[in-house]
file my_file-v9.cif (mmCIF, C-alpha atoms)
data_my_file
loop_
_atom_site.label_atom_id
_atom_site.label_comp_id
_atom_site.auth_asym_id
_atom_site.auth_seq_id
_atom_site.Cartn_x
_atom_site.Cartn_y
_atom_site.Cartn_z
CA MET A 1 -4.92 17.65 5.46
CA HIS A 2 -5.59 17.94 9.18
CA SER A 3 -2.69 19.65 10.90
CA ARG A 4 -3.73 18.19 14.28
CA ARG A 5 -2.83 14.65 13.25
CA HIS A 6 0.21 13.18 14.95
CA LEU A 7 2.03 11.64 12.02
CA VAL A 8 4.60 9.11 13.22
CA ASN A 9 4.49 6.69 10.28
CA ILE A 10 4.15 6.61 6.51
CA ALA A 11 1.64 4.25 4.88
CA LEU A 12 1.92 3.50 1.18
CA ILE A 13 -1.27 2.42 -0.54
CA GLY A 14 -1.97 1.73 -4.18
CA PHE A 15 -2.39 -1.01 -6.74
CA MET A 16 0.07 -3.86 -7.15
CA GLY A 17 3.02 -2.91 -9.31
CA THR A 18 3.01 0.79 -8.41
CA GLY A 19 6.24 0.54 -6.40
CA LYS A 20 5.03 0.35 -2.80
CA THR A 21 7.62 -2.24 -1.76
CA SER A 22 10.61 -0.71 -3.56
CA VAL A 23 9.74 2.84 -2.55
CA GLY A 24 8.80 1.81 1.00
CA ARG A 25 12.10 0.02 1.62
CA LEU A 26 14.09 3.00 0.31
CA VAL A 27 12.10 5.54 2.35
CA ALA A 28 12.54 3.43 5.49
CA GLU A 29 16.26 3.12 4.84
CA GLN A 30 16.69 6.87 4.29
CA LEU A 31 14.64 7.84 7.36
CA HIS A 32 16.12 5.05 9.52
CA TYR A 33 12.57 3.76 10.08
CA ASP A 34 11.31 0.19 10.29
CA TYR A 35 9.71 -1.24 7.18
CA LEU A 36 6.62 -3.44 7.34
CA ASP A 37 4.59 -4.99 4.55
CA THR A 38 1.04 -5.95 5.53
CA ASP A 39 1.03 -8.97 3.19
CA GLU A 40 4.31 -10.21 4.71
CA MET A 41 2.86 -9.74 8.21
CA ILE A 42 -0.17 -11.85 7.26
CA GLN A 43 2.03 -14.56 5.79
CA ALA A 44 4.22 -14.60 8.91
CA SER A 45 1.26 -14.79 11.30
CA THR A 46 -0.58 -17.51 9.38
CA GLY A 47 2.38 -19.45 7.99
CA ARG A 48 0.61 -19.39 4.63
CA SER A 49 1.04 -17.58 1.33
CA ILE A 50 -1.42 -14.90 0.24
CA THR A 51 -2.29 -17.07 -2.78
CA ASP A 52 -3.09 -20.02 -0.49
CA ILE A 53 -5.32 -17.89 1.75
CA PHE A 54 -7.18 -16.49 -1.28
CA THR A 55 -7.57 -19.93 -2.87
CA LYS A 56 -8.62 -21.92 0.20
CA ASP A 57 -10.37 -19.35 2.40
CA GLY A 58 -11.45 -16.66 -0.08
CA GLU A 59 -10.91 -12.94 -0.30
CA PRO A 60 -13.22 -12.06 2.65
CA ALA A 61 -11.09 -14.19 5.02
CA PHE A 62 -7.94 -12.49 3.73
CA ARG A 63 -9.49 -9.03 4.19
CA ALA A 64 -10.36 -9.91 7.80
CA LEU A 65 -6.71 -10.85 8.45
CA GLU A 66 -5.68 -7.60 6.79
CA GLN A 67 -7.93 -5.54 9.06
CA LYS A 68 -6.44 -7.23 12.14
CA VAL A 69 -2.92 -6.30 10.95
CA VAL A 70 -3.96 -2.68 10.36
CA GLU A 71 -5.29 -2.45 13.92
CA GLU A 72 -1.94 -3.73 15.23
CA LEU A 73 -0.07 -1.06 13.23
CA ALA A 74 -1.71 1.77 15.19
CA SER A 75 0.75 1.19 18.04
CA ARG A 76 3.82 1.51 15.78
CA THR A 77 6.04 4.57 15.40
CA ASN A 78 8.85 5.38 12.96
CA THR A 79 7.58 2.82 10.49
CA VAL A 80 7.03 2.79 6.75
CA ILE A 81 4.05 0.55 6.02
CA SER A 82 3.49 -0.95 2.60
CA THR A 83 -0.06 -2.20 2.20
CA GLY A 84 -1.74 -4.74 0.00
CA GLY A 85 -3.51 -3.24 -3.02
CA GLY A 86 -7.04 -3.89 -1.75
CA LEU A 87 -6.47 -2.80 1.85
CA PRO A 88 -7.88 0.75 1.53
CA VAL A 89 -11.19 -0.51 0.13
CA ASN A 90 -12.19 -1.13 3.75
CA PRO A 91 -12.92 2.38 5.09
CA GLU A 92 -11.91 1.29 8.61
CA ASN A 93 -8.42 0.42 7.38
CA LEU A 94 -7.91 3.81 5.80
CA ALA A 95 -9.32 5.63 8.82
CA SER A 96 -7.05 3.68 11.16
CA LEU A 97 -3.94 4.38 9.07
CA LYS A 98 -4.76 8.09 8.95
CA THR A 99 -4.71 8.31 12.75
CA HIS A 100 -0.94 7.78 12.83
CA ALA A 101 0.44 7.82 9.29
CA LEU A 102 0.75 10.06 6.28
CA VAL A 103 -1.12 7.97 3.70
CA VAL A 104 0.56 8.18 0.31
CA CYS A 105 -1.01 6.54 -2.72
CA LEU A 106 1.36 5.43 -5.45
CA TRP A 107 -0.47 5.48 -8.77
CA SER A 108 0.33 4.04 -12.21
CA SER A 109 -1.46 3.50 -15.48
CA PRO A 110 -2.94 0.04 -16.19
CA GLU A 111 -0.38 -0.39 -18.98
CA LYS A 112 2.60 0.35 -16.71
CA ILE A 113 1.20 -1.92 -13.99
CA TRP A 114 0.82 -4.79 -16.47
CA GLU A 115 4.35 -4.20 -17.76
CA ARG A 116 5.69 -4.45 -14.18
CA VAL A 117 3.68 -7.45 -12.90
CA ARG A 118 3.03 -9.67 -15.91
CA HIS A 119 5.82 -12.13 -15.05
CA GLN A 120 4.96 -12.38 -11.33
CA SER A 121 3.13 -15.58 -10.44
CA HIS A 122 2.51 -14.66 -6.77
CA ARG A 123 -0.29 -12.21 -7.63
CA PRO A 124 -3.57 -14.09 -6.97
CA LEU A 125 -5.77 -11.42 -8.55
CA LEU A 126 -3.92 -11.81 -11.86
CA HIS A 127 -4.87 -15.48 -12.19
CA ASP A 128 -7.58 -14.44 -14.61
CA GLU A 129 -8.37 -15.14 -18.28
CA ASN A 130 -7.70 -11.52 -19.15
CA PRO A 131 -5.36 -10.05 -16.51
CA GLN A 132 -5.15 -6.66 -18.25
CA ALA A 133 -8.93 -6.28 -18.13
CA LYS A 134 -8.84 -7.39 -14.47
CA ILE A 135 -6.27 -4.67 -13.69
CA ARG A 136 -8.50 -2.03 -15.32
CA GLU A 137 -11.59 -3.32 -13.50
CA LEU A 138 -9.86 -3.35 -10.09
CA LEU A 139 -8.26 0.06 -10.64
CA ALA A 140 -11.66 1.51 -11.49
CA ALA A 141 -13.23 -0.05 -8.39
CA ARG A 142 -10.41 0.93 -6.04
CA GLY A 143 -9.70 4.38 -7.49
CA PRO A 144 -12.16 6.24 -5.24
CA PHE A 145 -10.52 4.68 -2.16
CA TYR A 146 -6.99 5.38 -3.37
CA LYS A 147 -7.94 9.02 -3.97
CA GLN A 148 -8.69 9.40 -0.24
CA ALA A 149 -4.95 9.28 0.46
CA ASP A 150 -3.27 12.38 1.83
CA VAL A 151 -0.87 12.45 -1.14
CA LEU A 152 -1.16 10.93 -4.63
CA LEU A 153 2.05 10.26 -6.56
CA ASN A 154 2.20 8.93 -10.11
CA THR A 155 5.05 6.43 -10.50
CA ASP A 156 4.81 5.84 -14.26
CA VAL A 157 7.86 7.88 -15.26
CA ARG A 158 9.61 8.53 -11.96
CA SER A 159 12.43 6.36 -10.64
CA VAL A 160 12.08 4.61 -7.29
CA ARG A 161 14.57 7.12 -5.86
CA GLU A 162 12.56 10.11 -7.16
CA VAL A 163 9.32 8.75 -5.72
CA ALA A 164 11.01 7.99 -2.39
CA GLN A 165 12.37 11.54 -2.20
CA GLN A 166 8.91 12.96 -2.90
CA VAL A 167 7.36 10.74 -0.17
CA ILE A 168 9.99 11.90 2.34
CA HIS A 169 9.47 15.54 1.34
CA GLN A 170 5.69 15.28 1.79
CA PHE A 171 6.08 13.50 5.13
CA ARG A 172 8.45 16.14 6.47
CA LEU A 173 6.12 18.93 5.36
CA GLU A 174 3.10 17.34 7.00
CA ALA A 175 4.86 16.14 10.15
CA SER A 176 6.19 19.65 10.76
CA GLY A 177 2.67 21.04 10.47
CA ARG A 178 3.73 23.25 7.53
#
call {"tool": "encode", "arguments": {"input": "my_file-v9.cif", "output": "structure tokens"}}
result
Amino acid sequence: MHSRRHLVNIALIGFMGTGKTSVGRLVAEQLHYDYLDTDEMIQASTGRSITDIFTKDGEPAFRALEQKVVEELASRTNTVISTGGGLPVNPENLASLKTHALVVCLWSSPEKIWERVRHQSHRPLLHDENPQAKIRELLAARGPFYKQADVLLNTDVRSVREVAQQVIHQFRLEASGR
């Protein structure tokens, strides 16, 4: 951790189903911060669903929109940012977030992720013949990027409240310069 960073935000990264939205909303509420979800920002700016963008324009077009949103976030303060699962794969996104935010990766096992997301139809990357294999494949590919976070927290057996408290604790430690 670089103590010279000016941490004014918290960015949650990690795979779908790890708790980024639930934890992010609770952390924002407890800190009296704004809450932003990068996928929601993309949907609001385009007037389209993530699934529609993936289906009609492809993943590269979606990732370009994602990078634009990340650049806009650099001017924010007192914000908890929940990111899409693939966002940190672009090194520029991660580098940009780290200029102003404590980057916390929420991590879960493939089994726990599947248990949490299997009934959610709005997940374009799960529209696959074998979604459990797809989760394992994507986790393996994204793992090295997720591990570049400032803090890694496993959410398999912790409640949303416990994870939120740990995120707040880590943020306060880092923001104070320890």
call {"tool": "resolve_selection", "arguments": {"input": "my_file-v9.cif", "expression": "the PyMOL selection byres ((chain A and resi 142) around 9)", "output": "ChimeraX atom specification"}}
result
/A:14-15,85-86,88-89,137-141,143-147
call {"tool": "atom_distance", "arguments": {"input": "my_file-v9.cif", "atom1": "atom CA of A:Val8", "atom2": "atom CA of A:Leu73"}}
result
11.2 Å
call {"tool": "atom_distance", "arguments": {"input": "my_file-v9.cif", "atom1": "atom CA of A:Val163", "atom2": "atom CA of A:Asn130"}}
result
29.7 Å
call {"tool": "atom_distance", "arguments": {"input": "my_file-v9.cif", "atom1": "atom CA of A:Asp57", "atom2": "atom CA of A:Thr18"}}
result
26.5 Å
call {"tool": "residues_around", "arguments": {"input": "my_file-v9.cif", "residues": "A:Ala164", "least_positions_apart": "5", "cutoff": "7 Å", "atoms": "all atoms listed in the file", "output": "MDAnalysis selection string"}}
result
chainID A and resid 23 26:27
call {"tool": "closest_residue", "arguments": {"input": "my_file-v9.cif", "among": "A:Arg48, A:Lys134, A:Lys56, A:Leu7", "to": "A:Arg76", "atoms": "only C-alpha atoms"}}
result
A:Leu7
call {"tool": "residues_near_point", "arguments": {"input": "my_file-v9.cif", "point": "(-5.5, 10.8, -2.0)", "cutoff": "12 Å", "atoms": "only C-alpha atoms", "output": "number ranges by chain"}}
result
A: 1, 11-14, 88, 94, 98, 102-107, 142-154
call {"tool": "closest_residue", "arguments": {"input": "my_file-v9.cif", "among": "A:Gln43, A:Thr99, A:Thr21, A:Gln132", "to": "A:Trp114", "atoms": "only C-alpha atoms"}}
result
A:Gln132
call {"tool": "resolve_selection", "arguments": {"input": "my_file-v9.cif", "expression": "the PyMOL selection byres ((chain A and resi 52) around 12)", "output": "PyMOL selection string"}}
result
chain A and resi 42-43+46-51+53-59+61-62+122-124
call {"tool": "closest_residue", "arguments": {"input": "my_file-v9.cif", "among": "A:Phe171, A:Met41, A:Gln120, A:Pro91", "to": "A:Glu72", "atoms": "all atoms listed in the file"}}
result
A:Met41
call {"tool": "closest_atom_pairs", "arguments": {"input": "my_file-v9.cif", "of": "stretch 76-151 of chain A", "to": "stretch 28-38 of chain A", "cutoff": "9 Å", "atoms": "all atoms listed in the file", "output": "JSON lines"}}
result
{"residue": "A:Thr77", "atom": "CA", "partner": "A:Tyr33", "partner_atom": "CA", "distance": 8.5}
{"residue": "A:Asn78", "atom": "CA", "partner": "A:Tyr33", "partner_atom": "CA", "distance": 5.0}
{"residue": "A:Thr79", "atom": "CA", "partner": "A:Asp34", "partner_atom": "CA", "distance": 4.6}
{"residue": "A:Val80", "atom": "CA", "partner": "A:Tyr35", "partner_atom": "CA", "distance": 4.9}
{"residue": "A:Ile81", "atom": "CA", "partner": "A:Leu36", "partner_atom": "CA", "distance": 4.9}
{"residue": "A:Ser82", "atom": "CA", "partner": "A:Asp37", "partner_atom": "CA", "distance": 4.6}
{"residue": "A:Thr83", "atom": "CA", "partner": "A:Thr38", "partner_atom": "CA", "distance": 5.1}
{"residue": "A:Gly84", "atom": "CA", "partner": "A:Thr38", "partner_atom": "CA", "distance": 6.3}
{"residue": "A:Leu87", "atom": "CA", "partner": "A:Thr38", "partner_atom": "CA", "distance": 8.9}
call {"tool": "axis_aligned_box", "arguments": {"input": "my_file-v9.cif", "around": "stretch 141-153 of chain A", "padding_each_side": "3 Å", "output": "lines of an AutoDock Vina configuration file"}}
result
center_x = -5.6
center_y = 6.2
center_z = -3.3
size_x = 21.3
size_y = 18.5
size_z = 16.2
call {"tool": "resolve_selection", "arguments": {"input": "my_file-v9.cif", "expression": "the PyMOL selection byres ((chain A and resi 115) around 12)", "output": "number ranges by chain"}}
result
A: 16-18, 108-114, 116-120, 131-132, 135, 156
call {"tool": "closest_residue", "arguments": {"input": "my_file-v9.cif", "among": "A:Asp39, A:Glu174, A:Glu92, A:Glu162", "to": "A:Glu71", "atoms": "only C-alpha atoms"}}
result
A:Glu92
call {"tool": "residues_around", "arguments": {"input": "my_file-v9.cif", "residues": "A:Val160", "least_positions_apart": "5", "cutoff": "8 Å", "atoms": "all atoms listed in the file", "output": "MDAnalysis selection string"}}
result
chainID A and resid 19 22:23 155
call {"tool": "write_last_selection", "arguments": {"input": "my_file-v9.cif", "atoms": "C-alpha atoms", "output": "tab-separated table (two decimals), in the frame of the given file"}}
result
chain	number	residue	atom	x	y	z
A	19	GLY	CA	6.24	0.54	-6.40
A	22	SER	CA	10.61	-0.71	-3.56
A	23	VAL	CA	9.74	2.84	-2.55
A	155	THR	CA	5.05	6.43	-10.50
